[in-house]
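J.: I am sharing run17.csv, which consists of CSV, C-alpha atoms and all ligand atoms:
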chain,number,residue,atom,x,y,z
A,538,MET,CA,-8.0,-22.3,-28.9
A,539,SER,CA,-4.9,-22.0,-31.2
A,540,ASP,CA,-3.2,-24.9,-32.9
A,541,PRO,CA,-1.1,-27.0,-30.6
A,542,GLN,CA,2.5,-25.8,-30.4
A,543,LYS,CA,5.7,-26.9,-28.8
A,544,ILE,CA,6.4,-24.3,-26.0
A,545,ALA,CA,9.3,-24.2,-23.6
A,546,VAL,CA,9.0,-22.6,-20.1
A,547,ILE,CA,12.3,-21.7,-18.5
A,548,GLY,CA,12.0,-21.6,-14.7
A,549,ALA,CA,9.5,-23.8,-12.8
A,550,GLY,CA,9.0,-21.7,-9.7
A,551,LEU,CA,5.9,-19.9,-8.5
A,552,MET,CA,5.1,-18.4,-11.9
A,553,GLY,CA,6.7,-21.0,-14.2
A,554,HIS,CA,4.6,-23.9,-13.0
A,555,GLY,CA,1.3,-21.9,-13.4
A,556,ILE,CA,2.3,-20.8,-16.9
A,557,ALA,CA,3.2,-24.4,-17.9
A,558,TYR,CA,-0.1,-25.5,-16.5
A,559,LEU,CA,-2.2,-23.0,-18.5
A,560,LEU,CA,-0.4,-23.7,-21.7
A,561,ALA,CA,-0.7,-27.5,-21.3
A,562,ARG,CA,-4.4,-27.0,-20.4
A,563,ALA,CA,-4.8,-25.2,-23.8
A,564,GLY,CA,-3.5,-28.3,-25.6
A,565,HIS,CA,0.1,-27.3,-26.1
A,566,SER,CA,3.1,-29.5,-25.6
A,567,VAL,CA,5.2,-27.9,-22.9
A,568,SER,CA,8.7,-28.6,-21.9
A,569,VAL,CA,9.9,-27.1,-18.7
A,570,PHE,CA,13.5,-26.4,-17.7
A,571,ASP,CA,14.8,-25.4,-14.3
A,572,THR,CA,18.3,-25.4,-12.9
A,573,SER,CA,17.0,-26.5,-9.6
A,574,GLU,CA,16.5,-30.3,-9.1
A,575,GLU,CA,14.0,-29.6,-6.4
A,576,ALA,CA,11.9,-27.4,-8.7
A,577,ARG,CA,12.0,-30.1,-11.4
A,578,ALA,CA,11.1,-32.9,-9.1
A,579,SER,CA,8.1,-31.1,-7.5
A,580,LEU,CA,6.7,-29.7,-10.8
A,581,GLY,CA,4.3,-32.6,-11.5
A,582,GLU,CA,2.8,-32.5,-8.1
A,583,ARG,CA,2.4,-28.7,-8.2
A,584,ILE,CA,0.7,-28.8,-11.6
A,585,SER,CA,-1.5,-31.7,-10.4
A,586,ASP,CA,-2.6,-29.5,-7.4
A,587,ILE,CA,-3.8,-26.8,-9.8
A,588,ALA,CA,-5.8,-29.3,-11.8
A,589,GLN,CA,-7.3,-30.5,-8.6
A,590,LEU,CA,-8.2,-26.9,-7.5
A,591,LEU,CA,-9.8,-26.1,-10.9
A,592,GLY,CA,-11.4,-29.5,-11.3
A,593,ASP,CA,-9.4,-30.2,-14.6
A,594,ASP,CA,-8.5,-33.5,-16.0
A,595,LYS,CA,-5.0,-34.4,-14.7
A,596,LYS,CA,-4.3,-36.0,-18.1
A,597,LEU,CA,-3.0,-32.6,-19.2
A,598,LEU,CA,0.1,-33.5,-17.2
A,599,ASP,CA,0.9,-35.9,-20.1
A,600,ARG,CA,1.6,-32.8,-22.2
A,601,VAL,CA,4.2,-31.4,-19.7
A,602,GLN,CA,7.8,-32.7,-19.9
A,603,VAL,CA,10.4,-31.7,-17.3
A,604,VAL,CA,13.9,-31.6,-18.6
A,605,ASP,CA,17.3,-30.8,-17.1
A,606,ASP,CA,18.9,-29.4,-20.2
A,607,LEU,CA,18.1,-26.1,-21.7
A,608,ALA,CA,19.0,-27.1,-25.3
A,609,ILE,CA,16.6,-30.1,-25.1
A,610,ALA,CA,13.8,-28.0,-23.6
A,611,VAL,CA,13.8,-25.5,-26.4
A,612,ALA,CA,14.6,-27.8,-29.3
A,613,GLY,CA,11.8,-27.3,-31.9
A,614,ALA,CA,9.9,-24.8,-29.8
A,615,ALA,CA,7.7,-22.2,-31.4
A,616,PHE,CA,7.7,-20.1,-28.2
A,617,VAL,CA,9.9,-19.9,-25.2
A,618,ILE,CA,8.6,-18.2,-22.1
A,619,GLU,CA,11.2,-17.4,-19.5
A,620,ALA,CA,10.1,-17.2,-15.8
A,621,ALA,CA,13.5,-17.6,-14.1
A,622,THR,CA,14.7,-15.6,-11.1
A,623,GLU,CA,14.5,-11.8,-11.4
A,624,ASN,CA,18.1,-11.0,-11.9
A,625,VAL,CA,19.6,-9.0,-14.8
A,626,PRO,CA,22.8,-10.9,-15.6
A,627,LEU,CA,20.9,-14.2,-15.2
A,628,LYS,CA,18.3,-13.2,-17.7
A,629,GLN,CA,20.8,-11.7,-20.1
A,630,LYS,CA,22.7,-15.0,-20.2
A,631,ILE,CA,19.5,-17.1,-20.6
A,632,PHE,CA,18.4,-15.0,-23.6
A,633,ALA,CA,21.9,-14.9,-25.2
A,634,ASP,CA,22.0,-18.7,-24.9
A,635,LEU,CA,18.4,-19.1,-26.1
A,636,GLU,CA,19.2,-17.2,-29.3
A,637,THR,CA,21.8,-19.8,-30.2
A,638,LEU,CA,19.6,-22.8,-29.4
A,639,VAL,CA,16.2,-22.1,-31.0
A,640,GLY,CA,15.0,-22.0,-34.6
A,641,PRO,CA,14.8,-18.7,-36.5
A,642,ASP,CA,11.1,-18.3,-36.1
A,643,CYS,CA,10.9,-19.1,-32.4
A,644,ILE,CA,9.6,-16.2,-30.2
A,645,LEU,CA,11.4,-15.5,-27.0
A,646,ALA,CA,9.3,-14.0,-24.2
A,647,SER,CA,10.2,-12.9,-20.7
A,648,ASN,CA,7.9,-12.8,-17.7
A,649,THR,CA,10.1,-10.2,-15.9
A,650,SER,CA,8.3,-7.9,-13.5
A,651,SER,CA,10.7,-5.0,-13.7
A,652,ILE,CA,13.7,-5.5,-15.9
A,653,PRO,CA,13.6,-3.4,-19.2
A,654,LEU,CA,13.5,-5.6,-22.3
A,655,ARG,CA,16.4,-3.7,-23.7
A,656,ASP,CA,18.6,-4.8,-20.7
A,657,ILE,CA,17.4,-8.4,-21.0
A,658,GLY,CA,18.3,-8.5,-24.7
A,659,GLN,CA,21.7,-6.7,-24.2
A,660,ASN,CA,23.8,-9.8,-25.2
A,661,MET,CA,21.5,-10.9,-28.1
A,662,THR,CA,22.6,-10.3,-31.6
A,663,ASP,CA,19.0,-9.7,-32.8
A,664,THR,CA,16.2,-8.7,-30.5
A,665,LYS,CA,13.3,-8.5,-32.9
A,666,ARG,CA,11.8,-11.7,-31.5
A,667,LEU,CA,12.1,-10.6,-27.9
A,668,VAL,CA,8.9,-9.8,-26.2
A,669,GLY,CA,7.7,-9.1,-22.6
A,670,ALA,CA,4.9,-11.4,-21.3
A,671,HIS,CA,4.1,-10.2,-17.8
A,672,PHE,CA,1.7,-12.7,-16.2
A,673,TRP,CA,0.1,-11.9,-12.8
A,674,ASN,CA,0.4,-14.3,-9.8
A,675,PRO,CA,-1.1,-16.9,-9.8
A,676,PRO,CA,-0.9,-17.0,-13.6
A,677,HIS,CA,-3.4,-19.9,-14.0
A,678,LEU,CA,-6.0,-17.9,-12.0
A,679,VAL,CA,-5.5,-14.2,-13.0
A,680,PRO,CA,-6.2,-13.8,-16.8
A,681,LEU,CA,-4.3,-10.6,-17.6
A,682,VAL,CA,-0.9,-10.8,-19.4
A,683,GLU,CA,0.8,-7.6,-20.3
A,684,VAL,CA,2.6,-8.2,-23.6
A,685,SER,CA,5.2,-5.4,-24.1
A,686,GLN,CA,6.9,-4.3,-27.2
A,687,LEU,CA,10.6,-3.3,-27.3
A,688,ALA,CA,10.7,-1.5,-30.6
A,689,GLU,CA,8.8,-1.1,-33.9
A,690,GLU,CA,10.4,-4.3,-35.4
A,691,ASN,CA,9.0,-6.4,-32.5
A,692,LEU,CA,5.3,-5.9,-33.4
A,693,ALA,CA,5.0,-9.2,-35.3
A,694,ALA,CA,6.4,-11.2,-32.3
A,695,VAL,CA,4.1,-9.3,-30.0
A,696,GLU,CA,1.1,-10.2,-32.1
A,697,LYS,CA,2.0,-13.8,-32.1
A,698,VAL,CA,2.3,-13.9,-28.3
A,699,ILE,CA,-1.0,-12.1,-28.0
A,700,ALA,CA,-2.7,-14.7,-30.3
A,701,LEU,CA,-1.1,-17.6,-28.4
A,702,LEU,CA,-2.2,-16.3,-25.0
A,703,ALA,CA,-5.7,-15.4,-26.2
A,704,GLY,CA,-6.0,-19.0,-27.5
A,705,ALA,CA,-5.0,-20.3,-24.1
A,706,GLY,CA,-7.8,-18.4,-22.4
A,707,ARG,CA,-5.8,-15.5,-21.1
A,708,HIS,CA,-6.6,-11.8,-21.5
A,709,PRO,CA,-3.5,-10.4,-23.2
A,710,VAL,CA,-3.1,-6.6,-23.6
A,711,HIS,CA,-0.5,-4.8,-25.7
A,712,VAL,CA,1.9,-2.4,-23.9
A,713,LYS,CA,3.3,-0.4,-26.8
A,714,ARG,CA,6.6,0.7,-25.2
A,715,ASP,CA,9.2,-0.9,-22.9
A,716,ILE,CA,8.4,1.0,-19.7
A,717,PRO,CA,8.9,0.2,-16.0
A,718,GLY,CA,5.9,-1.4,-14.3
A,719,PHE,CA,4.1,-1.9,-17.6
A,720,ILE,CA,0.5,-0.7,-17.0
A,721,GLY,CA,-0.8,-2.8,-14.1
A,722,ASN,CA,2.0,-2.1,-11.6
A,723,ARG,CA,2.0,1.6,-12.4
A,724,LEU,CA,-1.7,1.8,-11.5
A,725,GLN,CA,-1.3,-0.4,-8.5
A,726,HIS,CA,1.6,1.5,-7.1
A,727,ALA,CA,0.0,4.9,-7.7
A,728,ILE,CA,-2.7,3.7,-5.3
A,729,LYS,CA,-0.1,2.4,-2.8
A,730,ARG,CA,1.9,5.6,-2.9
A,731,GLU,CA,-1.2,7.6,-1.8
A,732,ALA,CA,-2.3,4.9,0.7
A,733,ILE,CA,1.1,4.9,2.5
A,734,ALA,CA,1.1,8.7,2.6
A,735,LEU,CA,-2.5,8.7,4.1
A,736,VAL,CA,-1.4,6.3,6.8
A,737,ALA,CA,1.9,8.0,7.5
A,738,SER,CA,0.2,11.4,8.0
A,739,GLY,CA,-2.4,9.9,10.4
A,740,ILE,CA,-5.5,10.4,8.3
A,741,CYS,CA,-6.4,6.8,8.8
A,742,ASP,CA,-4.9,3.4,9.6
A,743,ALA,CA,-4.0,0.7,7.2
A,744,GLU,CA,-7.1,-1.4,7.9
A,745,THR,CA,-9.2,1.6,6.8
A,746,ILE,CA,-7.4,1.9,3.5
A,747,ASP,CA,-8.1,-1.8,2.8
A,748,ASP,CA,-11.8,-1.3,3.8
A,749,VAL,CA,-12.2,1.7,1.6
A,750,VAL,CA,-10.9,-0.3,-1.4
A,751,LYS,CA,-12.6,-3.6,-0.6
A,752,PHE,CA,-16.0,-2.2,0.4
A,753,GLY,CA,-15.9,0.8,-1.9
A,754,PHE,CA,-14.6,1.3,-5.4
A,755,GLY,CA,-12.9,-2.1,-5.4
A,756,LYS,CA,-16.4,-3.7,-5.4
A,757,ARG,CA,-17.1,-2.4,-8.9
A,758,MET,CA,-13.6,-2.5,-10.3
A,759,ALA,CA,-13.8,-6.1,-11.5
A,760,VAL,CA,-16.6,-5.0,-13.9
A,761,LEU,CA,-15.9,-1.3,-14.4
A,762,GLY,CA,-12.4,0.0,-15.2
A,763,PRO,CA,-11.4,3.6,-14.3
A,764,MET,CA,-11.8,4.9,-17.8
A,765,GLU,CA,-15.2,3.3,-18.3
A,766,GLN,CA,-16.2,4.7,-14.9
A,767,SER,CA,-15.1,8.2,-15.9
A,768,ASP,CA,-17.1,7.9,-19.1
A,769,LEU,CA,-20.1,6.6,-17.1
A,770,VAL,CA,-20.2,9.6,-14.7
A,771,GLY,CA,-19.1,12.1,-17.4
A,772,LEU,CA,-15.7,13.6,-17.9
A,773,ASP,CA,-16.8,16.9,-16.5
A,774,LEU,CA,-17.0,15.3,-13.1
A,775,THR,CA,-13.5,13.8,-13.4
A,776,ARG,CA,-12.1,17.2,-14.4
A,777,ALA,CA,-13.9,18.9,-11.5
A,778,ILE,CA,-12.5,16.4,-9.0
A,779,HIS,CA,-9.0,16.7,-10.5
A,780,GLU,CA,-9.1,20.5,-10.1
A,781,VAL,CA,-9.6,20.1,-6.4
A,782,LEU,CA,-7.7,16.9,-5.7
A,783,LEU,CA,-4.6,16.4,-7.8
A,784,ASP,CA,-2.5,19.2,-6.2
A,785,ASP,CA,-3.2,17.5,-2.8
A,786,LEU,CA,-2.1,14.0,-3.7
A,787,ASP,CA,1.2,12.6,-2.6
A,788,THR,CA,4.0,13.1,-5.2
A,789,ALA,CA,6.9,11.6,-3.3
A,790,GLN,CA,9.7,10.3,-5.5
A,791,GLY,CA,11.2,7.0,-4.2
A,792,PRO,CA,9.9,4.8,-1.4
A,793,HIS,CA,8.1,6.7,1.4
A,794,PRO,CA,10.2,7.1,4.6
A,795,PHE,CA,7.3,5.4,6.5
A,796,LEU,CA,7.7,2.3,4.4
A,797,ILE,CA,11.5,2.3,5.0
A,798,HIS,CA,11.0,2.8,8.7
A,799,LEU,CA,8.7,-0.3,8.9
A,800,ILE,CA,11.1,-2.5,7.0
A,801,GLU,CA,14.0,-1.3,9.2
A,802,ALA,CA,12.0,-2.2,12.3
A,803,GLY,CA,11.5,-5.8,11.0
A,804,LYS,CA,7.9,-5.2,10.1
A,805,THR,CA,8.1,-6.7,6.7
A,806,GLY,CA,4.6,-8.2,6.4
A,807,MET,CA,2.5,-11.3,7.2
A,808,ASP,CA,5.5,-13.7,7.5
A,809,ALA,CA,7.0,-11.3,10.1
A,810,GLY,CA,3.7,-11.0,12.0
A,811,GLU,CA,3.4,-7.3,11.1
A,812,GLY,CA,3.7,-5.0,8.2
A,813,PHE,CA,1.3,-2.1,7.7
A,814,ARG,CA,-1.1,-4.3,9.8
A,815,LYS,CA,-0.6,-7.0,12.5
A,816,TRP,CA,-1.1,-10.6,11.6
A,817,THR,CA,-1.3,-13.9,13.5
A,818,PRO,CA,-0.4,-17.0,11.5
A,819,ASP,CA,-4.1,-18.0,11.4
A,820,GLU,CA,-5.1,-14.5,10.1
A,821,ALA,CA,-2.4,-14.7,7.4
A,822,ALA,CA,-3.6,-18.2,6.4
A,823,GLU,CA,-7.2,-17.0,6.2
A,824,VAL,CA,-6.2,-14.1,3.9
A,825,ARG,CA,-4.3,-16.5,1.6
A,826,ALA,CA,-7.2,-19.0,1.5
A,827,ARG,CA,-9.7,-16.2,0.9
A,828,LEU,CA,-7.7,-15.0,-2.1
A,829,ARG,CA,-7.1,-18.5,-3.5
A,830,ASN,CA,-10.7,-19.5,-3.2
A,831,PHE,CA,-12.0,-16.3,-4.7
A,832,LEU,CA,-9.7,-16.5,-7.7
A,833,ALA,CA,-10.4,-20.2,-8.2
A,834,ALA,CA,-14.2,-19.6,-8.2
A,835,GLU,CA,-13.8,-16.8,-10.7
A,836,ALA,CA,-11.6,-19.0,-12.9
A,837,LYS,CA,-14.0,-21.9,-12.8
A,838,SER,CA,-17.0,-19.6,-13.6
A,839,ASN,CA,-15.3,-18.3,-16.8
Z,901,LIG,N1,6.0,-13.8,-8.1
Z,901,LIG,C1,5.2,-12.9,-8.7
Z,901,LIG,O1,4.2,-12.4,-8.2
Z,901,LIG,C2,5.6,-12.5,-10.2
Z,901,LIG,C3,4.6,-11.9,-10.9
Z,901,LIG,C4,4.9,-11.6,-12.3
Z,901,LIG,C5,6.2,-11.8,-12.8
Z,901,LIG,N2,7.1,-12.4,-12.0
Z,901,LIG,C6,8.4,-12.7,-12.6
Z,901,LIG,O2,8.5,-14.1,-12.9
Z,901,LIG,C7,9.9,-14.5,-12.8
Z,901,LIG,C8,9.9,-15.7,-11.9
Z,901,LIG,O3,9.4,-15.3,-10.6
Z,901,LIG,P1,8.9,-16.4,-9.6
Z,901,LIG,O4,8.1,-15.7,-8.5
Z,901,LIG,O5,8.3,-17.6,-10.3
Z,901,LIG,O6,10.3,-16.9,-8.9
Z,901,LIG,P2,10.7,-18.3,-8.2
Z,901,LIG,O7,11.9,-18.0,-7.4
Z,901,LIG,O8,9.5,-18.9,-7.6
Z,901,LIG,O9,11.1,-19.2,-9.5
Z,901,LIG,C9,12.2,-18.9,-10.2
Z,901,LIG,C10,12.8,-20.2,-10.7
Z,901,LIG,O10,13.8,-20.0,-11.7
Z,901,LIG,C11,14.8,-21.0,-11.5
Z,901,LIG,N3,16.0,-20.6,-12.2
Z,901,LIG,C12,17.0,-19.8,-11.7
Z,901,LIG,N4,18.0,-19.7,-12.6
Z,901,LIG,C13,17.6,-20.4,-13.7
Z,901,LIG,C14,18.2,-20.6,-15.0
Z,901,LIG,N5,19.3,-20.2,-15.3
Z,901,LIG,N6,17.5,-21.4,-15.8
Z,901,LIG,C15,16.3,-21.9,-15.5
Z,901,LIG,N7,15.7,-21.7,-14.3
Z,901,LIG,C16,16.3,-21.0,-13.4
Z,901,LIG,C17,14.8,-21.2,-10.0
Z,901,LIG,O11,15.4,-22.4,-9.7
Z,901,LIG,C18,13.4,-21.1,-9.6
Z,901,LIG,O12,12.7,-22.4,-9.6
Z,901,LIG,C19,10.7,-13.3,-12.3
Z,901,LIG,O13,11.2,-12.7,-13.4
Z,901,LIG,C20,9.6,-12.5,-11.6
Z,901,LIG,O14,10.0,-11.1,-11.6
Z,901,LIG,C21,6.8,-12.8,-10.7
Turn the structure described in the file into structure tokens.
T.:
Amino acid sequence: MSDPQKIAVIGAGLMGHGIAYLLARAGHSVSVFDTSEEARASLGERISDIAQLLGDDKKLLDRVQVVDDLAIAVAGAAFVIEAATENVPLKQKIFADLETLVGPDCILASNTSSIPLRDIGQNMTDTKRLVGAHFWNPPHLVPLVEVSQLAEENLAAVEKVIALLAGAGRHPVHVKRDIPGFIGNRLQHAIKREAIALVASGICDAETIDDVVKFGFGKRMAVLGPMEQSDLVGLDLTRAIHEVLLDDLDTAQGPHPFLIHLIEAGKTGMDAGEGFRKWTPDEAAEVRARLRNFLAAEAKSN
């Protein structure tokens, strides 16, 4: 665990409340700012729910302060982690404002999923303390954080964020360039591109895709990454498979027409009752509970 710091979290939504929780749990003093009164008012209860889920002492809430003024939230902070709505002008304004409000050594991190750091920092006068810190949902249960580096001069800030997150029990990794999707979403969506193409061409249905992952290579993926797995079986085998397979994989650029067709037909996923698969409200609730319980059990066992 690292020395207690003052940390500000900007945005108290789905991601912000979990980030505030895990930092407070690690002993830091966390002030949270959100423009929404509703988000501010419900933050304590939502953090308390996480403590309940993980069997943690609710006293950690004493280290979380909710404020309705950005300047007060970030005053004296060593780190600011922004988790506000995914919108380019909004984030540009937040970071330009932050730069004028924090001390010279304060590190400014964004949890953006997709906006390049160079765009977020467009209105800043000096971006060397700007870092990407891409948490995964829910951030208090999924340990990975992709810490991305804008330019060479940002390395010191990246290293500080990595140390902070490691001290808070996360598993930070260093993404050495500011690229779309970082690492995790590039890998995840490479799988989705092929999965959608297989279903669209009638090779299998969507349930079969999920079964192949959940009952096949997904079983070992939590303990064996793809590079380890290649080394385990030998690189010759990977090369032999690539010689046969790679030319046959989908290489569509842009969203697949089948995906667009489903969305235009109103089949947008569980909340609509149908996406790639059909869902009753009970089935959708069961999937959500299954995921939450699995991740919580994993988090408690670590
Ligand atoms: N949801 C995910 O799975 C996920 C995963 C990784 C990263 N992210 C990223 O995290 C960020 C937040 O996403 P979320 O899912 O928590 O969204 P959310 O809508 O749940 O929360 C966003 C919060 O930001 C607040 N907000 C809006 N403008 C603000 C401002 N100027 N100052 C302070 N707060 C403001 C909103 O009131 C809201 O409470 C986004 O950049 C998103 O891309 C999301």
J.: Within 9 Å of A:Phe632, counting only C-alpha atoms, which residues qualify if same-chain residues fewer than 6 places away don't, as a PDB file with C-alpha atoms, in the coordinates of the input?
T.:
ATOM      1  CA  GLU A 619      11.200 -17.400 -19.500  1.00  0.00           C
ATOM      2  CA  LEU A 645      11.400 -15.500 -27.000  1.00  0.00           C
ATOM      3  CA  SER A 647      10.200 -12.900 -20.700  1.00  0.00           C
ATOM      4  CA  ILE A 657      17.400  -8.400 -21.000  1.00  0.00           C
ATOM      5  CA  GLY A 658      18.300  -8.500 -24.700  1.00  0.00           C
ATOM      6  CA  GLN A 659      21.700  -6.700 -24.200  1.00  0.00           C
ATOM      7  CA  ASN A 660      23.800  -9.800 -25.200  1.00  0.00           C
ATOM      8  CA  MET A 661      21.500 -10.900 -28.100  1.00  0.00           C
ATOM      9  CA  LEU A 667      12.100 -10.600 -27.900  1.00  0.00           C
TER      10      LEU A 667
END
J.: Between A:Pro763, A:Gly550, A:Arg666, A:Glu811, which has the minimum distance to A:Thr775 (counting all atoms listed in the file)?
T.: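 Smallest distance to A:Thr775 is found for A:Pro763.
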J.: Taking only C-alpha atoms and all ligand atoms into account, which residues are within 10 Å of ligand LIG 901 (chain Z), as number ranges by chain?
T.: A: 546-556, 569-577, 580, 605-607, 619-632, 647-652, 670-676, 682-683, 722
J.: Atom CA of A:Ala743 to atom CA of A:Lys756: how many Å, to one decimal?
T.: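 Computing it gives 18.2 Å between the two atoms.
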J.: List as CSV every residue of stretch 680-768 of chain A that is in contact with stretch 637-642 of chain A, defined as an atom at most 12 Å from one of its atoms (using all atoms listed in the file), together with the nearest atom pair and the distance in Å rounded to one decimal, sorted by chain and then rising number.
T.:
residue,atom,partner,partner_atom,distance
A:Ala693,CA,A:Asp642,CA,11.0
A:Ala694,CA,A:Asp642,CA,9.3
A:Lys697,CA,A:Asp642,CA,10.9
J.: Looking at A:Ser568, A:Ile728, A:Glu689, A:Arg707, which one is nearest to A:Gln602, with distances taken over all atoms listed in the file?
T.: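 Of A:Ser568, A:Ile728, A:Glu689, A:Arg707, the one nearest A:Gln602, counting all atoms listed in the file, is A:Ser568.
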J.: List the spatial neighbours of A:Gly581 as an MDAnalysis selection string - criterion: any atom at most 9 Å away, all atoms listed in the file, same-chain residues fewer than 4 positions off excluded.
T.: chainID A and resid 554 577 585:586 598 601 603
J.: What's the separation between atom CA of A:Ala615 and atom CA of A:Pro541, in Å to one decimal place?
T.: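 The value is 10.1 Å.
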J.: Just checking: using only C-alpha atoms, which residue out of A:Val698, A:Leu724, A:Leu735, A:Leu681 ends up closest to A:Gly669?
T.: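 So, comparing all the options, the nearest one is A:Val698.
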J.: Would you compute the distance between atom CA of A:Gly592 and atom CA of A:Val679? Give it in Å to one decimal.
T.: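 Interatomic distance here is 16.5 Å.
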J.: Counting all atoms listed in the file, which of A:Ala734, A:Ala809, A:Cys643, A:Val770 gets nearest to A:Gln790?
T.: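 The closest residue to A:Gln790 is A:Ala734.
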J.: Since the input is missing atoms, can you rebuild N, CA and C atoms for stretch 584-596 of chain A and write them as a short mmCIF file (atom, residue, chain, number, x, y, z; two decimals), keeping the file's coordinate frame?
T.:
data_model
loop_
_atom_site.label_atom_id
_atom_site.label_comp_id
_atom_site.auth_asym_id
_atom_site.auth_seq_id
_atom_site.Cartn_x
_atom_site.Cartn_y
_atom_site.Cartn_z
N ILE A 584 1.64 -29.00 -10.47
CA ILE A 584 0.70 -28.80 -11.60
C ILE A 584 -0.59 -29.65 -11.29
N SER A 585 -0.38 -30.82 -10.72
CA SER A 585 -1.50 -31.70 -10.40
C SER A 585 -2.42 -30.98 -9.34
N ASP A 586 -1.81 -30.24 -8.40
CA ASP A 586 -2.60 -29.50 -7.40
C ASP A 586 -3.47 -28.44 -8.06
N ILE A 587 -2.94 -27.79 -9.11
CA ILE A 587 -3.80 -26.80 -9.80
C ILE A 587 -4.94 -27.47 -10.48
N ALA A 588 -4.66 -28.60 -11.13
CA ALA A 588 -5.80 -29.30 -11.80
C ALA A 588 -6.84 -29.69 -10.80
N GLN A 589 -6.39 -30.12 -9.63
CA GLN A 589 -7.30 -30.50 -8.60
C GLN A 589 -8.17 -29.26 -8.15
N LEU A 590 -7.48 -28.12 -7.95
CA LEU A 590 -8.20 -26.90 -7.50
C LEU A 590 -9.22 -26.47 -8.53
N LEU A 591 -8.89 -26.62 -9.82
CA LEU A 591 -9.80 -26.10 -10.90
C LEU A 591 -10.72 -27.22 -11.41
N GLY A 592 -10.56 -28.43 -10.88
CA GLY A 592 -11.40 -29.50 -11.30
C GLY A 592 -11.11 -29.93 -12.78
N ASP A 593 -9.84 -29.80 -13.19
CA ASP A 593 -9.40 -30.20 -14.60
C ASP A 593 -8.94 -31.62 -14.60
N ASP A 594 -8.96 -32.19 -15.80
CA ASP A 594 -8.50 -33.50 -16.00
C ASP A 594 -6.95 -33.57 -15.87
N LYS A 595 -6.47 -34.41 -14.95
CA LYS A 595 -5.00 -34.40 -14.70
C LYS A 595 -4.23 -35.02 -15.91
N LYS A 596 -4.96 -35.49 -16.91
CA LYS A 596 -4.30 -36.00 -18.10
C LYS A 596 -3.48 -34.92 -18.81
#
